Structure formats: structure tokens, C-alpha cells
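Asks: Before anything else, here's the structure in question.
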Amino acid sequence: MIFFILVTFFLILCWFNKAPFIANPLANYYFKRVQFPQTESEHKDAVQLLTKVINLHPADPILLRMSYYSRSVSYFELKKYDLAFTDVSKGLELFPDYSPAHRLKANIYLALHQYQESLAEYTQAIQLDENEPEFYYDRSKLYYLHLKDLTKALQDINKALQINPVYPPHHDLAAEIYLALENFE
């Protein structure tokens with residue numbers, strides 16, 4: 001009798017796909033078909049595949065997070081900022097500590113010329129992962145190009161260089177900031 005009850009309970013969980021340990025092979029299949037989109041056509045294909053994954057409501061939280069994030073990236077590359085914003089926000093509701101999603105949200109705000117919101121998201125990404133040089137680099141560009149705060153731009157680019165001293169774009173931005181500060185050394 002107990003065996004029958006356990007099997008019935010397990011089947012009910014499977015039916016409603018609520019148990020976290022039940023994988024959705026079709027969702028995994030669609031997700032694995034998404035490569036690293038580069039072209040507009042590839043981003044459109046990625047959006048279609050990732051929409052299928054999301055609509056299957058996968059129980060795997062990592063798969064769901066990556067699906068929302070990846071679809072948001074594709075929407076961003078397609079310049080569909082409202083859809084990108086919706087997806088990245090949904091992903092952050094589920095996983096608020098995912099620092100790349102905060103960076104993406106900052107980039108969306110930047111594309112929409114909402115600089116203070118962008119600054120807040122870059123700062124959040126840095127707080128979550130203070131060893132990622134690209135977060136400092138992006139925030140440095142925001143300070144330099146849009147907020148016109150050369151001192152903070154220099155602090156951030158120097159932090160990026162401290163973490164990764166060999167990446168040429170970081171050196172290029174540092175040189176631009178030093179020139180703007182009229183520090184020619």
C-alpha cells in the first residue's frame with residue numbers, strides 16, 4: 001500500500017513537472033541546439049529555440065536562468081531592448097545574484113540612455129563579482145563617456161588593469177582617460 005502511495009505521488013509530481021529532480025529532456029534538447037549566435041539570423045534562431053525551452057517550464061533552475069539570460073542577450077543584439085529588459089528582469093527575479101545578468105541589464109539601460117540606472121546595475125554586478133575586470137571596464141566607459149566623471153573612470157579602469165593587466169582595450173581606455181585629464185605620462 002505504501003509503495004502504491006509513493007508511486008502515485010511521484011507520478012503526480014511528474015505530471016505537473018514540479019519536482020526539481022525531474023529533468024525535461026525536450027527543454028535540454030532545445031537548449032543544446034543553441035550555439036553561440038553571431039549573426040542576426042542566428043540570434044533570431046536562438047530566440048525561437050530559447051522560447052521553446054522557457055515555454056516547457058523546465059524544472060532545472062540553471063537551465064531556466066540560462067535560457068532567460070541567453071534569450072535576453074539575443075534580443076539585445078537584435079536591438080529589441082524592451083524584450084531584452086523583460087527577460088533579464090525575469091531572470092534576475094529568479095536569480096538575483098547572477099552578476100552577468102546585472103551587467104546585461106546595465107548595457108540595456110545604457111542603450112536606452114538611462115545612465116544612472118546603468119551605473120546602479122554595473123555597481124551591483126561588481127558587488128557580486130569584484131574580480132571580473134569587464135565590469136570595471138564597462139563602468140569606467142560609462143563614467144568617461146556619459147557621466148563625465150574622469151576621476152571615477154580612472155579608478156575603475158585601473159582596477160580592471162590590476163585584475164587583468166594584459167588586455168589591450170583596457171590600456172586603450174586608460175590612455176584616453178589620461179589624455180582627457182591632460183596627464184601625458
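Chains: A, B, ... in order of the C-alpha cells. Residues: from 1 per chain. Ligands: from 1, in order shown.
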Give me every helix (DSSP H, G or I) residue in segment 15-144 of chain A, going by DSSP on the backbone, as a count of residues only.

Replies: 97

Asks: Can you pull out the residues contacting Thr123 of chain A? Cut-off 9 Å, using only C-alpha atoms, and skip same-chain residues under 3 positions away; I want them as a JSON list (two decimals) with N, CA and C atoms, in the first residue's frame.

Replies:
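Written file, part-v3.json:
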```json
[["chain", "number", "residue", "atom", "x", "y", "z"],
["A", 102, "HIS", "N", 23.21, 41.28, -14.31],
["A", 102, "HIS", "CA", 23.24, 42.69, -13.92],
["A", 102, "HIS", "C", 24.03, 43.50, -14.95],
["A", 103, "ARG", "N", 25.12, 42.94, -15.45],
["A", 103, "ARG", "CA", 25.90, 43.64, -16.48],
["A", 103, "ARG", "C", 25.05, 43.82, -17.74],
["A", 118, "SER", "N", 21.94, 52.44, -15.36],
["A", 118, "SER", "CA", 23.06, 51.64, -15.85],
["A", 118, "SER", "C", 24.17, 51.58, -14.80],
["A", 119, "LEU", "N", 24.48, 52.72, -14.23],
["A", 119, "LEU", "CA", 25.50, 52.79, -13.19],
["A", 119, "LEU", "C", 25.14, 51.88, -12.01],
["A", 120, "ALA", "N", 23.89, 51.91, -11.59],
["A", 120, "ALA", "CA", 23.46, 51.08, -10.46],
["A", 120, "ALA", "C", 23.63, 49.59, -10.77],
["A", 126, "ILE", "N", 29.47, 44.45, -9.92],
["A", 126, "ILE", "CA", 30.78, 44.50, -9.26],
["A", 126, "ILE", "C", 30.68, 44.00, -7.82],
["A", 127, "GLN", "N", 29.63, 44.38, -7.13],
["A", 127, "GLN", "CA", 29.46, 43.92, -5.75],
["A", 127, "GLN", "C", 29.32, 42.40, -5.69],
["A", 128, "LEU", "N", 28.70, 41.82, -6.70],
["A", 128, "LEU", "CA", 28.52, 40.37, -6.73],
["A", 128, "LEU", "C", 29.77, 39.63, -7.18],
["A", 135, "PHE", "N", 33.51, 44.20, -15.75],
["A", 135, "PHE", "CA", 32.52, 45.03, -15.05],
["A", 135, "PHE", "C", 33.10, 46.41, -14.76],
["A", 136, "TYR", "N", 34.35, 46.44, -14.32],
["A", 136, "TYR", "CA", 35.02, 47.72, -14.05],
["A", 136, "TYR", "C", 35.24, 48.49, -15.35],
["A", 139, "ARG", "N", 31.94, 49.99, -16.50],
["A", 139, "ARG", "CA", 31.55, 51.13, -15.66],
["A", 139, "ARG", "C", 32.48, 52.31, -15.89]]
```

Asks: Have a look at atom CA of Leu92 of chain A and atom CA of Glu130 of chain A and let me know their distance in Å, one decimal.

Replies: 18.4 Å

Asks: Can you tell me how far atom CA of Gln162 of chain A sits from atom CA of Phe95 of chain A, in Å to one decimal?

Replies: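 The value is 28.9 Å.
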
Asks: I'd like the contact shell of segment 170-182 of chain A - 9 Å cut-off, only C-alpha atoms, skipping same-chain residues fewer than 4 positions apart - returned as a ChimeraX atom specification.

Replies: /A:133-134,137,140-141,144,150-151,153-154,157-158,160-161,164-166

Asks: Could you work out how far atom CA of Gln124 of chain A lies from atom CA of Pro169 of chain A, giving the answer in Å with one decimal?

Replies: 22.6 Å

Asks: List as a list in words the protein and nucleic acid residues near segment 68-72 of chain A, meaning an atom at most 6 Å away when only C-alpha atoms are counted, but skip any in the same chain fewer than 5 places from it.

Replies: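 Near neighbours after the sequence-gap exclusion: Val47, Ala84, Asp87, Val88 and Gly91 of chain A.
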
Asks: May I have the selected residues written with all heavy atoms, as a PDB file, in the first residue's frame?

Replies:
```pdb
ATOM      1  N   VAL A  47      16.478  32.879 -30.312  1.00  0.00           N
ATOM      2  CA  VAL A  47      15.263  33.342 -29.631  1.00  0.00           C
ATOM      3  C   VAL A  47      14.160  32.291 -29.754  1.00  0.00           C
ATOM      4  O   VAL A  47      13.470  31.975 -28.774  1.00  0.00           O
ATOM      5  CB  VAL A  47      14.797  34.710 -30.183  1.00  0.00           C
ATOM      6  CG1 VAL A  47      13.364  35.013 -29.774  1.00  0.00           C
ATOM      7  CG2 VAL A  47      15.737  35.816 -29.732  1.00  0.00           C
ATOM      8  N   ALA A  84      14.489  42.353 -24.301  1.00  0.00           N
ATOM      9  CA  ALA A  84      15.721  42.005 -23.571  1.00  0.00           C
ATOM     10  C   ALA A  84      15.573  42.377 -22.104  1.00  0.00           C
ATOM     11  O   ALA A  84      15.938  41.600 -21.212  1.00  0.00           O
ATOM     12  CB  ALA A  84      16.916  42.717 -24.188  1.00  0.00           C
ATOM     13  N   ASP A  87      13.218  39.917 -20.252  1.00  0.00           N
ATOM     14  CA  ASP A  87      13.837  38.617 -19.967  1.00  0.00           C
ATOM     15  C   ASP A  87      14.911  38.712 -18.889  1.00  0.00           C
ATOM     16  O   ASP A  87      14.974  37.866 -17.998  1.00  0.00           O
ATOM     17  CB  ASP A  87      14.436  38.018 -21.240  1.00  0.00           C
ATOM     18  CG  ASP A  87      13.437  37.190 -22.013  1.00  0.00           C
ATOM     19  OD1 ASP A  87      12.257  37.143 -21.621  1.00  0.00           O
ATOM     20  OD2 ASP A  87      13.845  36.577 -23.013  1.00  0.00           O
ATOM     21  N   VAL A  88      15.767  39.713 -18.967  1.00  0.00           N
ATOM     22  CA  VAL A  88      16.828  39.808 -17.964  1.00  0.00           C
ATOM     23  C   VAL A  88      16.223  40.101 -16.596  1.00  0.00           C
ATOM     24  O   VAL A  88      16.696  39.593 -15.575  1.00  0.00           O
ATOM     25  CB  VAL A  88      17.919  40.827 -18.364  1.00  0.00           C
ATOM     26  CG1 VAL A  88      17.486  42.267 -18.119  1.00  0.00           C
ATOM     27  CG2 VAL A  88      19.220  40.538 -17.638  1.00  0.00           C
ATOM     28  N   GLY A  91      14.859  36.827 -15.290  1.00  0.00           N
ATOM     29  CA  GLY A  91      15.974  36.006 -14.821  1.00  0.00           C
ATOM     30  C   GLY A  91      16.508  36.479 -13.483  1.00  0.00           C
ATOM     31  O   GLY A  91      16.830  35.672 -12.605  1.00  0.00           O
TER      32      GLY A  91
END
```

Asks: Which residue is closest to Leu104 of chain A? Choose from A:Lys52, A:Gln116, A:Asp149, A:Tyr81 and count only C-alpha atoms.

Replies: A:Tyr81

Asks: Taking into account only C-alpha atoms, which residue in the set A:Gln114, A:Gln48, A:Thr39, A:Ser67 is nearest to Leu94 of chain A?

Replies: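 Selected residue with least distance to Leu94 of chain A: A:Ser67.
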